[in-house]
Each structure stands twice: as C-alpha cells, then as structure tokens.
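Visitor: Structure file my_file.tsv, TSV, C-alpha atoms and all ligand atoms, is pasted below:
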chain	number	residue	atom	x	y	z
Y	914	MET	CA	127.73	79.76	212.44
Y	915	GLU	CA	129.94	77.66	210.16
Y	916	TYR	CA	128.74	74.25	209.03
Y	917	ASN	CA	131.23	71.79	207.65
Y	918	PHE	CA	129.57	69.97	204.77
Y	919	ASN	CA	133.00	68.82	203.62
Y	920	GLU	CA	133.28	66.49	206.60
Y	921	ILE	CA	133.26	62.82	205.66
Y	922	VAL	CA	130.97	61.15	208.14
Y	923	PRO	CA	131.37	57.38	207.92
Y	924	ARG	CA	127.99	55.73	207.62
Y	925	LYS	CA	129.29	52.22	207.93
Y	926	GLY	CA	127.85	50.52	210.97
Y	927	THR	CA	124.70	52.67	210.99
Y	928	ASP	CA	122.55	50.26	208.95
Y	929	ALA	CA	122.21	52.93	206.28
Y	930	PHE	CA	119.86	51.78	203.50
Y	931	LYS	CA	122.12	53.47	200.98
Y	932	LEU	CA	125.05	51.23	201.98
Y	933	GLU	CA	123.49	48.06	203.22
Y	934	LEU	CA	121.18	47.46	200.26
Y	935	ARG	CA	123.80	47.89	197.56
Y	936	GLU	CA	124.19	44.16	197.18
Y	937	MET	CA	120.44	43.75	196.75
Y	938	PHE	CA	119.98	46.58	194.25
Y	939	PHE	CA	123.31	46.61	192.42
Y	940	GLY	CA	124.65	43.12	193.05
Y	941	ALA	CA	127.82	44.64	194.51
Y	942	ASN	CA	128.94	46.06	197.82
Y	943	ASP	CA	131.85	48.10	196.53
Y	944	VAL	CA	129.90	50.69	194.53
Y	945	LEU	CA	130.03	54.35	195.60
Y	946	PRO	CA	126.53	55.08	196.93
Y	947	LEU	CA	125.14	58.10	195.07
Y	948	TRP	CA	121.60	56.76	194.99
Y	949	VAL	CA	118.72	56.94	197.57
Y	950	ALA	CA	117.57	60.44	198.50
Y	951	ASP	CA	119.26	60.97	201.80
Y	952	MET	CA	122.38	63.04	202.33
Y	953	ASP	CA	125.76	62.23	203.84
Y	954	PHE	CA	125.65	65.35	206.02
Y	955	LYS	CA	125.00	65.55	209.73
Y	956	ALA	CA	121.63	66.98	210.69
Y	957	PRO	CA	121.67	70.59	211.97
Y	958	PRO	CA	123.31	70.98	215.41
Y	959	ALA	CA	120.00	72.15	216.90
Y	960	VAL	CA	118.34	68.91	215.82
Y	961	VAL	CA	121.14	66.74	217.20
Y	962	LYS	CA	121.11	68.61	220.50
Y	963	ALA	CA	117.33	68.41	220.91
Y	964	MET	CA	117.40	64.67	220.29
Y	965	GLN	CA	120.32	64.11	222.63
Y	966	ASP	CA	118.56	66.10	225.35
Y	967	ARG	CA	115.41	64.06	224.92
Y	968	ALA	CA	117.35	60.79	224.75
Y	969	SER	CA	118.90	61.59	228.11
Y	970	HIS	CA	115.47	61.36	229.74
Y	971	GLU	CA	115.65	57.58	229.25
Y	972	ILE	CA	111.92	56.95	228.95
Y	973	TYR	CA	110.64	56.70	225.39
Y	974	GLY	CA	106.97	55.90	225.76
Y	975	TYR	CA	104.05	56.95	223.57
Y	976	THR	CA	103.90	60.67	223.06
Y	977	VAL	CA	101.55	63.21	221.52
Y	978	ARG	CA	102.33	66.04	219.17
Y	979	ASP	CA	100.98	69.23	220.61
Y	980	LYS	CA	100.96	72.95	219.81
Y	981	LYS	CA	104.75	73.06	219.74
Y	982	PHE	CA	104.66	70.72	216.78
Y	983	THR	CA	101.96	72.49	214.79
Y	984	GLY	CA	103.33	75.91	215.80
Y	985	ALA	CA	106.76	75.02	214.41
Y	986	ILE	CA	105.16	73.93	211.13
Y	987	CYS	CA	103.02	77.08	210.87
Y	988	SER	CA	105.98	79.39	211.36
Y	989	TRP	CA	108.23	77.38	209.05
Y	990	LEU	CA	105.70	77.53	206.21
Y	991	ARG	CA	105.10	81.22	206.83
Y	992	ASN	CA	108.81	82.07	206.88
Y	993	GLN	CA	110.00	79.78	204.10
Y	994	HIS	CA	107.05	79.83	201.73
Y	995	GLN	CA	104.93	82.81	202.86
Y	996	TRP	CA	102.11	80.33	203.37
Y	997	ASN	CA	99.85	81.26	206.28
Y	998	ILE	CA	98.08	78.20	207.55
Y	999	GLU	CA	96.00	77.36	210.61
Y	1000	ALA	CA	97.26	74.75	213.06
Y	1001	GLU	CA	93.98	72.87	212.54
Y	1002	TRP	CA	94.86	72.21	208.91
Y	1003	ILE	CA	97.82	70.03	209.90
Y	1004	GLU	CA	97.64	66.26	210.15
Y	1005	PHE	CA	100.68	64.29	211.27
Y	1006	SER	CA	101.73	61.36	209.12
Y	1007	PRO	CA	104.70	58.99	209.40
Y	1008	GLY	CA	105.81	59.84	205.87
Y	1009	VAL	CA	104.84	61.50	202.67
Y	1010	LEU	CA	104.23	58.13	201.03
Y	1011	PRO	CA	101.92	57.09	203.88
Y	1012	SER	CA	100.08	60.41	203.40
Y	1013	ILE	CA	99.63	59.63	199.71
Y	1014	MET	CA	98.50	56.11	200.53
Y	1015	VAL	CA	95.92	57.36	203.03
Y	1016	ALA	CA	94.59	59.80	200.41
Y	1017	ILE	CA	94.38	57.07	197.78
Y	1018	TYR	CA	92.47	54.77	200.12
Y	1019	GLU	CA	90.09	57.44	201.34
Y	1020	PHE	CA	89.42	59.37	198.15
Y	1021	SER	CA	89.33	56.68	195.49
Y	1022	GLU	CA	87.86	53.23	195.07
Y	1023	PRO	CA	89.57	50.13	193.68
Y	1024	GLY	CA	89.56	50.43	189.89
Y	1025	ASP	CA	89.58	54.23	189.91
Y	1026	LYS	CA	92.29	56.01	187.98
Y	1027	VAL	CA	95.19	57.97	189.46
Y	1028	ILE	CA	97.45	60.22	187.35
Y	1029	ILE	CA	101.20	60.55	187.85
Y	1030	GLN	CA	103.70	62.52	185.76
Y	1031	THR	CA	106.45	60.31	184.45
Y	1032	PRO	CA	109.39	59.84	184.75
Y	1033	VAL	CA	108.80	60.05	188.48
Y	1034	TYR	CA	109.85	58.79	191.91
Y	1035	PRO	CA	109.33	55.01	191.60
Y	1036	PRO	CA	107.02	54.42	194.60
Y	1037	PHE	CA	104.39	56.58	192.86
Y	1038	TYR	CA	103.83	53.62	190.55
Y	1039	SER	CA	103.49	50.95	193.19
Y	1040	ILE	CA	101.48	53.03	195.62
Y	1041	VAL	CA	98.81	53.36	192.94
Y	1042	SER	CA	98.85	50.03	191.16
Y	1043	GLU	CA	99.63	47.80	194.11
Y	1044	ASN	CA	96.72	49.32	195.99
Y	1045	GLY	CA	94.23	48.33	193.32
Y	1046	ARG	CA	93.96	51.64	191.47
Y	1047	GLU	CA	94.64	52.12	187.79
Y	1048	LEU	CA	97.78	54.06	186.95
Y	1049	VAL	CA	97.52	56.81	184.34
Y	1050	LYS	CA	100.85	58.08	183.07
Y	1051	ASN	CA	101.06	61.69	182.00
Y	1052	SER	CA	104.49	61.81	180.36
Y	1053	LEU	CA	106.52	64.96	180.86
Y	1054	ILE	CA	107.93	66.55	177.73
Y	1055	GLU	CA	111.73	66.73	177.55
Y	1056	THR	CA	113.38	69.37	175.40
Y	1057	ALA	CA	117.18	69.53	175.59
Y	1058	GLY	CA	117.07	68.28	179.16
Y	1059	TYR	CA	114.35	70.67	180.35
Y	1060	TYR	CA	110.97	69.21	181.27
Y	1061	THR	CA	107.54	70.69	180.76
Y	1062	MET	CA	104.04	69.29	181.01
Y	1063	ASP	CA	101.68	67.88	178.42
Y	1064	PHE	CA	98.54	69.76	179.45
Y	1065	GLU	CA	96.43	68.47	176.54
Y	1066	ALA	CA	97.03	64.87	177.60
Y	1067	LEU	CA	96.50	65.82	181.24
Y	1068	GLU	CA	93.16	67.41	180.46
Y	1069	GLU	CA	92.02	64.37	178.54
Y	1070	GLN	CA	93.16	62.01	181.29
Y	1071	ALA	CA	91.54	64.12	184.01
Y	1072	SER	CA	88.26	64.29	182.07
Y	1073	ASP	CA	87.78	60.52	182.40
Y	1074	PRO	CA	85.11	60.12	185.10
Y	1075	LYS	CA	87.13	57.25	186.57
Y	1076	THR	CA	90.05	59.60	187.27
Y	1077	LYS	CA	89.86	60.64	190.91
Y	1078	ILE	CA	93.34	61.68	191.98
Y	1079	PHE	CA	96.45	63.35	190.57
Y	1080	VAL	CA	99.61	62.62	192.56
Y	1081	PHE	CA	101.77	65.62	191.83
Y	1082	SER	CA	105.51	65.96	192.48
Y	1083	ASN	CA	106.50	69.57	193.14
Y	1084	PRO	CA	109.43	70.13	192.99
Y	1085	HIS	CA	109.73	67.16	190.72
Y	1086	ASN	CA	111.84	64.12	191.49
Y	1087	PRO	CA	113.84	63.25	189.39
Y	1088	VAL	CA	113.70	66.04	186.79
Y	1089	GLY	CA	114.38	68.84	189.29
Y	1090	ARG	CA	111.71	71.25	188.14
Y	1091	ALA	CA	110.21	73.74	190.62
Y	1092	TRP	CA	106.96	74.26	188.72
Y	1093	LYS	CA	106.10	77.84	187.80
Y	1094	ARG	CA	102.93	79.74	188.43
Y	1095	ASP	CA	101.47	79.38	184.93
Y	1096	GLU	CA	102.09	75.62	185.01
Y	1097	LEU	CA	100.43	75.28	188.39
Y	1098	LYS	CA	97.51	77.36	187.19
Y	1099	ARG	CA	96.89	75.06	184.23
Y	1100	ILE	CA	96.88	72.06	186.57
Y	1101	ALA	CA	94.57	73.77	189.05
Y	1102	ASP	CA	92.13	74.73	186.27
Y	1103	ILE	CA	92.08	71.19	184.90
Y	1104	CYS	CA	91.58	69.59	188.30
Y	1105	ILE	CA	88.84	72.01	189.31
Y	1106	LYS	CA	87.05	71.55	185.98
Y	1107	HIS	CA	87.14	67.75	186.17
Y	1108	ASP	CA	86.84	67.43	189.92
Y	1109	VAL	CA	90.14	65.63	190.44
Y	1110	LEU	CA	91.81	65.66	193.85
Y	1111	ILE	CA	95.43	66.86	193.80
Y	1112	VAL	CA	97.70	65.09	196.24
Y	1113	SER	CA	100.59	67.50	196.07
Y	1114	ASP	CA	103.86	65.95	197.21
Y	1115	GLU	CA	105.98	68.95	198.18
Y	1116	ILE	CA	108.62	67.04	200.14
Y	1117	HIS	CA	111.45	68.79	198.23
Y	1118	SER	CA	109.92	72.25	198.55
Y	1119	ASP	CA	112.57	73.65	200.91
Y	1120	LEU	CA	115.34	72.70	198.51
Y	1121	CYS	CA	114.90	75.20	195.70
Y	1122	LEU	CA	118.25	76.27	194.27
Y	1123	PHE	CA	119.73	79.00	192.10
Y	1124	GLY	CA	117.13	81.61	192.99
Y	1125	ASN	CA	114.16	79.43	192.12
Y	1126	LYS	CA	111.19	79.71	194.42
Y	1127	HIS	CA	108.81	77.02	195.55
Y	1128	LEU	CA	105.19	77.90	194.93
Y	1129	VAL	CA	102.66	76.17	197.16
Y	1130	MET	CA	99.82	75.05	194.92
Y	1131	ALA	CA	97.17	75.15	197.67
Y	1132	ASP	CA	98.12	78.69	198.61
Y	1133	LEU	CA	98.21	80.05	195.07
Y	1134	PHE	CA	94.81	78.70	194.11
Y	1135	PRO	CA	92.40	78.75	197.04
Y	1136	GLY	CA	89.70	77.90	194.49
Y	1137	LEU	CA	90.98	74.34	194.67
Y	1138	GLY	CA	89.16	74.19	198.02
Y	1139	ASN	CA	88.45	70.57	198.82
Y	1140	ARG	CA	90.49	69.33	195.91
Y	1141	ILE	CA	93.97	69.55	197.38
Y	1142	ILE	CA	96.05	67.82	200.03
Y	1143	THR	CA	99.60	69.14	200.49
Y	1144	CYS	CA	102.14	66.60	201.72
Y	1145	MET	CA	105.32	67.92	203.33
Y	1146	ALA	CA	108.09	66.84	205.69
Y	1147	PRO	CA	111.39	67.98	207.20
Y	1148	SER	CA	112.98	64.70	206.11
Y	1149	LYS	CA	114.75	65.69	202.87
Y	1150	THR	CA	115.49	69.24	203.99
Y	1151	PHE	CA	117.27	68.34	207.22
Y	1152	ASN	CA	118.40	64.80	206.45
Y	1153	VAL	CA	116.13	63.18	209.02
Y	1154	ALA	CA	114.27	60.74	206.77
Y	1155	GLY	CA	114.90	57.83	209.15
Y	1156	LEU	CA	112.74	59.52	211.80
Y	1157	SER	CA	109.48	58.89	209.92
Y	1158	THR	CA	107.87	62.27	210.45
Y	1159	ALA	CA	105.80	64.14	207.91
Y	1160	TYR	CA	102.49	65.96	207.72
Y	1161	ALA	CA	99.65	66.82	205.43
Y	1162	VAL	CA	98.11	70.29	205.22
Y	1163	ILE	CA	94.40	70.31	204.37
Y	1164	SER	CA	92.40	73.50	204.70
Y	1165	ASP	CA	89.01	72.02	203.87
Y	1166	LYS	CA	87.54	70.72	207.12
Y	1167	LYS	CA	85.53	67.87	205.65
Y	1168	LEU	CA	88.46	66.67	203.57
Y	1169	LYS	CA	90.74	66.93	206.58
Y	1170	ASP	CA	88.31	64.99	208.80
Y	1171	ARG	CA	88.12	62.18	206.28
Y	1172	PHE	CA	91.89	62.07	205.92
Y	1173	HIS	CA	92.25	62.03	209.71
Y	1174	LYS	CA	89.75	59.21	210.14
Y	1175	ARG	CA	91.40	57.08	207.49
Y	1176	LEU	CA	94.88	57.73	208.88
Y	1177	TRP	CA	93.71	56.48	212.27
Y	1178	ALA	CA	91.86	53.53	210.74
Y	1179	MET	CA	95.09	52.54	209.02
Y	1180	GLN	CA	96.94	52.89	212.34
Y	1181	GLN	CA	99.36	55.42	210.88
Y	1182	HIS	CA	98.86	58.13	213.48
Y	1183	MET	CA	101.27	57.30	216.31
Y	1184	GLY	CA	104.58	58.34	214.87
Y	1185	ASN	CA	108.05	58.43	216.28
Y	1186	LEU	CA	108.89	60.39	219.40
Y	1187	PHE	CA	112.22	61.60	218.01
Y	1188	GLY	CA	110.66	62.67	214.75
Y	1189	GLY	CA	108.55	65.28	216.52
Y	1190	ILE	CA	111.56	66.52	218.48
Y	1191	ALA	CA	113.63	66.79	215.28
Y	1192	LEU	CA	110.89	68.57	213.35
Y	1193	GLU	CA	110.46	71.21	216.03
Y	1194	ALA	CA	114.19	71.84	216.40
Y	1195	ALA	CA	114.75	71.92	212.64
Y	1196	TYR	CA	111.83	74.21	211.89
Y	1197	ASN	CA	112.54	76.52	214.83
Y	1198	ASP	CA	116.31	76.70	214.55
Y	1199	GLY	CA	117.38	75.22	211.22
Y	1200	ALA	CA	116.85	78.04	208.71
Y	1201	GLU	CA	120.44	79.23	208.78
Y	1202	TRP	CA	121.76	75.68	208.35
Y	1203	LEU	CA	119.40	75.21	205.39
Y	1204	GLU	CA	120.73	78.34	203.68
Y	1205	ALA	CA	124.29	77.03	204.09
Y	1206	LEU	CA	123.24	73.61	202.81
Y	1207	LYS	CA	121.62	75.05	199.69
Y	1208	LYS	CA	124.74	77.05	198.96
Y	1209	TYR	CA	126.83	73.89	199.23
Y	1210	LEU	CA	124.43	71.95	197.01
Y	1211	GLU	CA	124.61	74.72	194.40
Y	1212	GLU	CA	128.39	74.51	194.47
Y	1213	ASN	CA	128.19	70.76	194.00
Y	1214	ALA	CA	125.76	71.09	191.11
Y	1215	LEU	CA	127.98	73.69	189.41
Y	1216	MET	CA	131.03	71.53	189.95
Y	1217	VAL	CA	129.23	68.64	188.26
Y	1218	ARG	CA	128.14	70.86	185.39
Y	1219	ASP	CA	131.70	72.11	184.81
Y	1220	PHE	CA	133.09	68.59	184.96
Y	1221	ILE	CA	130.57	67.37	182.43
Y	1222	GLN	CA	131.18	70.28	180.10
Y	1223	GLN	CA	134.92	69.68	180.21
Y	1224	ASN	CA	135.05	65.89	180.16
Y	1225	MET	CA	131.87	64.49	178.69
Y	1226	PRO	CA	130.02	67.25	176.86
Y	1227	GLU	CA	127.75	64.73	175.15
Y	1228	VAL	CA	126.08	63.90	178.49
Y	1229	GLY	CA	122.85	65.83	178.82
Y	1230	PHE	CA	122.49	67.74	182.06
Y	1231	VAL	CA	120.54	70.79	183.13
Y	1232	LEU	CA	121.05	72.41	186.53
Y	1233	PRO	CA	118.17	71.49	188.83
Y	1234	GLU	CA	115.74	74.19	189.92
Y	1235	ALA	CA	115.33	72.20	193.13
Y	1236	THR	CA	116.40	69.00	194.93
Y	1237	TYR	CA	119.82	67.49	195.43
Y	1238	LEU	CA	119.11	64.97	192.71
Y	1239	LEU	CA	120.70	65.37	189.30
Y	1240	TRP	CA	119.27	63.78	186.19
Y	1241	PHE	CA	121.88	62.78	183.61
Y	1242	ASP	CA	121.10	61.88	180.03
Y	1243	PHE	CA	123.60	59.31	178.76
Y	1244	ARG	CA	121.69	58.42	175.60
Y	1245	LYS	CA	124.45	59.66	173.34
Y	1246	TRP	CA	126.70	56.89	174.64
Y	1247	GLY	CA	124.52	54.53	172.62
Y	1248	LEU	CA	124.17	51.88	175.33
Y	1249	SER	CA	120.98	50.00	176.08
Y	1250	PRO	CA	119.57	50.86	179.53
Y	1251	SER	CA	120.78	47.58	180.99
Y	1252	LYS	CA	124.26	47.96	179.47
Y	1253	LEU	CA	124.45	51.50	180.84
Y	1254	ARG	CA	123.42	50.33	184.28
Y	1255	ASN	CA	125.88	47.43	184.26
Y	1256	ALA	CA	128.71	49.63	183.01
Y	1257	MET	CA	128.15	52.09	185.86
Y	1258	ILE	CA	128.22	49.25	188.37
Y	1259	GLU	CA	130.94	47.06	186.89
Y	1260	ILE	CA	133.31	49.54	185.29
Y	1261	GLY	CA	132.64	52.72	187.24
Y	1262	LYS	CA	131.72	51.07	190.55
Y	1263	VAL	CA	129.24	53.84	191.09
Y	1264	ALA	CA	125.67	53.37	192.28
Y	1265	MET	CA	123.21	55.87	190.87
Y	1266	ASN	CA	119.47	55.33	190.49
Y	1267	ASP	CA	118.78	53.77	187.14
Y	1268	GLY	CA	116.67	55.99	184.89
Y	1269	VAL	CA	114.24	53.26	183.86
Y	1270	SER	CA	113.21	52.76	187.48
Y	1271	PHE	CA	111.50	56.16	187.13
Y	1272	GLY	CA	109.60	55.02	184.04
Y	1273	ALA	CA	110.20	54.19	180.39
Y	1274	GLU	CA	111.07	57.86	179.74
Y	1275	GLY	CA	114.13	57.34	181.95
Y	1276	ALA	CA	115.81	54.89	179.56
Y	1277	GLY	CA	119.39	56.06	179.08
Y	1278	PHE	CA	119.29	58.30	182.17
Y	1279	GLN	CA	120.76	57.97	185.66
Y	1280	ARG	CA	119.97	59.97	188.78
Y	1281	MET	CA	122.83	61.14	190.98
Y	1282	ASN	CA	122.48	62.32	194.57
Y	1283	ILE	CA	124.80	65.29	195.25
Y	1284	GLY	CA	123.99	65.53	198.95
Y	1285	SER	CA	127.53	64.44	199.83
Y	1286	PRO	CA	130.89	66.11	200.50
Y	1287	LYS	CA	132.67	67.44	197.41
Y	1288	THR	CA	135.34	64.76	197.59
Y	1289	THR	CA	132.65	62.07	197.29
Y	1290	ILE	CA	131.03	63.81	194.33
Y	1291	LYS	CA	134.41	64.25	192.63
Y	1292	ASP	CA	135.10	60.56	193.17
Y	1293	GLY	CA	131.72	59.75	191.61
Y	1294	LEU	CA	132.46	61.92	188.58
Y	1295	GLN	CA	135.82	60.23	188.02
Y	1296	ARG	CA	134.07	56.86	188.14
Y	1297	ILE	CA	131.56	58.00	185.52
Y	1298	LEU	CA	134.42	59.29	183.40
Y	1299	LYS	CA	136.05	55.87	183.62
Y	1300	VAL	CA	132.87	54.36	182.20
Y	1301	ARG	CA	132.84	56.94	179.45
Y	1302	ASN	CA	136.43	56.22	178.54
Y	1303	ALA	CA	135.66	52.52	178.33
Y	1304	VAL	CA	132.63	53.21	176.13
Y	1305	TYR	CA	134.53	55.51	173.78
Y	1306	SER	CA	137.56	53.23	173.50
Y	1307	ARG	CA	135.48	50.40	172.05
Y	1401	LIG	C1	108.99	62.92	195.73
Y	1401	LIG	C2	109.16	62.09	196.96
Y	1401	LIG	N1	108.08	61.77	197.70
Y	1401	LIG	C3	108.18	61.02	198.81
Y	1401	LIG	C4	109.40	60.54	199.24
Y	1401	LIG	C5	109.47	59.67	200.45
Y	1401	LIG	O1	108.87	60.29	201.52
Y	1401	LIG	P1	108.68	59.57	202.91
Y	1401	LIG	O2	109.97	58.90	203.26
Y	1401	LIG	O3	108.32	60.68	203.83
Y	1401	LIG	O4	107.54	58.60	202.74
Y	1401	LIG	C6	110.56	60.86	198.51
Y	1401	LIG	C7	111.86	60.35	198.92
Y	1401	LIG	O5	112.82	60.40	198.20
Y	1401	LIG	C8	110.43	61.65	197.35
Y	1401	LIG	O6	111.49	61.99	196.61
When written as structure tokens, how does the structure in this file appear?
Ligand SMILES: Cc1ncc(COP(=O)(O)O)c(C=O)c1O
Guide:
Amino acid sequence: MEYNFNEIVPRKGTDAFKLELREMFFGANDVLPLWVADMDFKAPPAVVKAMQDRASHEIYGYTVRDKKFTGAICSWLRNQHQWNIEAEWIEFSPGVLPSIMVAIYEFSEPGDKVIIQTPVYPPFYSIVSENGRELVKNSLIETAGYYTMDFEALEEQASDPKTKIFVFSNPHNPVGRAWKRDELKRIADICIKHDVLIVSDEIHSDLCLFGNKHLVMADLFPGLGNRIITCMAPSKTFNVAGLSTAYAVISDKKLKDRFHKRLWAMQQHMGNLFGGIALEAAYNDGAEWLEALKKYLEENALMVRDFIQQNMPEVGFVLPEATYLLWFDFRKWGLSPSKLRNAMIEIGKVAMNDGVSFGAEGAGFQRMNIGSPKTTIKDGLQRILKVRNAVYSR
C-alpha cells in the first residue's frame, strides 16, 4: 500500500499543542512549528478505521484492556524487537512520563537521588526534582556531534547509597543515539553492582533509522532482574500521542506488583478507550506503514544533511540513529543561547526546541522535528538559512 507522507494535513482547528502554544512558548503565533515531538502525518489507515468503527458505536463508557491489548503488545515486541515477553509482564499506563512518575514514587523516597543523562528530554528534570527527589546529572560526552557516555562519572554517581533510580533514554532524545550493546552492558553492570533501578524509557524504540537497531536493555541483560522497568508506547511511532496510551514491561513479579499497586493508588490505571483501540490496530496492522514512515524520515534527514552541507557547513549535525528529532549545533554562529533563540523566532520565524531547555549542555543547540512533509521541512531550512544570512551579514 502507498502512504502519502507528502500530504499537508492542516492542523489548525484541532487544538494541536504544537500550534496553539506557540504564543506561550515563543511569544509569536506565526512561527513554523518544528518543535514538540508529534508528527504532521495522519495515523496509519488501520488505526483511523478502528477508531472510526468504535466511534460509531456511540457509547464511550469505561472499558478494560483485555488479552487483545496485551496480545498485540507481545506480538509487536516479538516482531519488531525479537523480545519475547509474557502478557503478565505488561502494565498499562496513560503515558511514559506517568510510568516514570509511578516508578519514582514507588521505588524511591523523598530526598533520594535519581540519575538522568543530559542533555535530555526536559520533563526528566521536573519529574525528578518537582517530586522531591534529588537530580543527578550524568552529562553525555559530545565529540564532533556524536554523543557517548561518561561511565566513570556514572559509576561514581550510582555508587552513592542515596542513588536509587536511573531514568534512561534509549534511543536518546534529543541526541538521537540508539545505544549499542557494549554501552548498555556497562550501564547494566553499574546498576547491578550498585543496586540502582533502571527506568528505561524506550518510547522512541520503533524509530531506529539508517540500519540501526534498537536493543532492549531488559532483554539483553536478564541479570538485571528486579532492577529494570521498560517504558514503551505506540504514541511516537504511530503519531497517536494525544490518546494517552502507554505501558510498562516488568518481568519481576514483585516489582510489577508494586508498580501496579502504586499506579492504581495514583489513579492512573483507567486510560482512554480510544488509546487501546489505536494500540491494537497499530501493533496488529501498522508494521508496513512504519517501514514507509521510517523511509520517509530517512529521506528528510538526508535532505537536511545535504542542505546544511551546501548552505551552512559550519552548523554541526550528525544523522540520528533513531527518532525524528534532529539536534543542530549552532555554536559556530557565535550567538548567546538567548540571541540564537530570538533570532530563530524573530528573523527566521521558525519554532524549534531551544537547546538549553534540554540542559546546560544544549546551549547553542536547537532541536528540529522532521516528522512533517518535505515541503514543511524545506520551508524550515530556508527560514534557518535566513537567520544565518542575517548573522553573517553583521
Ligand atoms: C524520551 C521521551 N519520553 C517520554 C515522552 C512523553 O511520553 P508520554 O507522552 O507517553 O508521557 C517523550 C515525548 O516526546 C519523549 O521524547
């Protein structure tokens, strides 16, 4: 089947976060929205059809998620990631962030330390520090745009008896790494040695590009046992983030029971009727659409790379191993982070996520979402070029 990712689907009038909150975040409503990690593509036809069919029933009361739901997840993980799980390991959650929050509440106490690897998805900061835990930043190491981990620092941070949890982003948002086996092994060894629980956020796992493969930490290292919770969702993969449907996979029964109890205590267990419908349709019938999507995203990423090489070779950019989020290094333009941000908004009229919102390491960077038709991405690139021309004509 052909899927038309070139189609411009107007989002105006749909209350899209990406559009409606531009004034709040950028102080302008006329900026091209290349921020927020959702895509401007229609969900797979199978998902749309399943939701339309269900909508036509006209009663939308409380529902349960049964074997169809867990069965779809089991086969998806087996087919996509060669991960064989039991249905009993799955716990529904309304989002990956809620899953992380439940884990933080259940498996750490106020004042305990939680490690994150910065620069990273901004809510990782607030979910730790605004819930009374102490944030420990394990800075990634950047070398010519490619990011690796500082294992020495990680080991030292994990060895602190107050450190209870490591919230891990794999693949990593925003640096686009799909972590390799030897990197995952070092983390697993450190966390086993120092008894630190890994909350592995694998929300972008289905979006590995350019032949990279997602490796599921929990599957690779069964020795982690009761020290790992894997958080996944169809939301990024199939562009259904507004349906609030995710899940955690926990093979250790005691750990799973505690997670389950806390999820219910926090009243996070009900979920959204349409989310379950979408997950099942996407996981059962969306694999072909996903392959086509990844191909389109690769084309977009290559188009961006070529444009940068030809028009602004000083901008640092490495093709992502995964995700539809590109991480640009504008430091050579010599602007302060706030001047860079303002120039993008005021001169370029383009809204990307500001690098510093991911942490101090993001100063001078911007994150662009390429989950849009090529014409939109081209428009975005021209806007960035306009900023560059203004900077270089000073
Ligand atoms: C790494 C990461 N985790 C979690 C989320 C949000 O997940 P959810 O909407 O399921 O809470 C995002 C969204 O961009 C993300 O990039």
Visitor: Return the single residue from Y:Glu1004, Y:Glu933, Y:Asp1025, Y:Asp1114 that is closest to ligand LIG 1401 (chain Y), with distances computed using all atoms listed in the file.
Guide: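 Closest to ligand LIG 1401 (chain Y), using all atoms listed in the file: Y:Asp1114.
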Visitor: Which residues of chain Y sit at most 7 Å from ligand LIG 1401 (chain Y), using all atoms listed in the file? Give each one's shortest atom pair and distance in Å (one decimal place), in chain and ascending residue order, as a Markdown table.
Guide:
| residue | atom | partner | partner_atom | distance |
| --- | --- | --- | --- | --- |
| Y:Val949 | CA | Y:LIG1401 | O5 | 6.9 |
| Y:Ala950 | CA | Y:LIG1401 | O5 | 4.8 |
| Y:Pro1007 | CA | Y:LIG1401 | O3 | 6.9 |
| Y:Gly1008 | CA | Y:LIG1401 | O3 | 3.3 |
| Y:Val1009 | CA | Y:LIG1401 | O3 | 3.8 |
| Y:Leu1010 | CA | Y:LIG1401 | O4 | 3.8 |
| Y:Pro1011 | CA | Y:LIG1401 | O4 | 5.9 |
| Y:Tyr1034 | CA | Y:LIG1401 | C1 | 5.7 |
| Y:Ser1082 | CA | Y:LIG1401 | C1 | 5.6 |
| Y:His1085 | CA | Y:LIG1401 | C1 | 6.6 |
| Y:Asn1086 | CA | Y:LIG1401 | C1 | 5.2 |
| Y:Asp1114 | CA | Y:LIG1401 | N1 | 6.0 |
| Y:Ile1116 | CA | Y:LIG1401 | N1 | 5.8 |
| Y:His1117 | CA | Y:LIG1401 | C1 | 6.8 |
| Y:Ala1146 | CA | Y:LIG1401 | O3 | 6.4 |
| Y:Ser1148 | CA | Y:LIG1401 | O3 | 6.6 |
| Y:Ala1154 | CA | Y:LIG1401 | O2 | 5.8 |
| Y:Ser1157 | CA | Y:LIG1401 | O3 | 6.5 |
| Y:Thr1158 | CA | Y:LIG1401 | O3 | 6.8 |
| Y:Ala1159 | CA | Y:LIG1401 | O3 | 5.9 |
Visitor: List as an NGL selection string the residues having at least one atom at most 12 Å from position (133.8, 63.7, 192.4) as given in the file, counting all atoms listed in the file.
Guide: :Y and (945 or 947 or 1213-1221 or 1263 or 1281-1299)
Visitor: Mind listing as a PyMOL selection string all residues within 8 Å of (119.4, 51.6, 188.2), counting only C-alpha atoms?
Guide: chain Y and resi 938-939+1254+1264-1270+1279
Visitor: Restricting the calculation to only C-alpha atoms: of Y:Asp1132, Y:Asp953, Y:Asp1073, Y:Glu1047, which residue gets closest to Y:Ile1029?
Guide: Y:Glu1047
Visitor: Rounded to one decimal in Å, what is the spacing between atom CA of Y:Phe1278 and atom CA of Y:Phe1241?
Guide: 5.4 Å
Visitor: Tell me which of Y:Gln1222, Y:Thr976, Y:Thr1076, Y:Thr1150 sits closest to Y:Trp1202, counting only C-alpha atoms.
Guide: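 Using only C-alpha atoms, Y:Trp1202 sits closest to Y:Thr1150.
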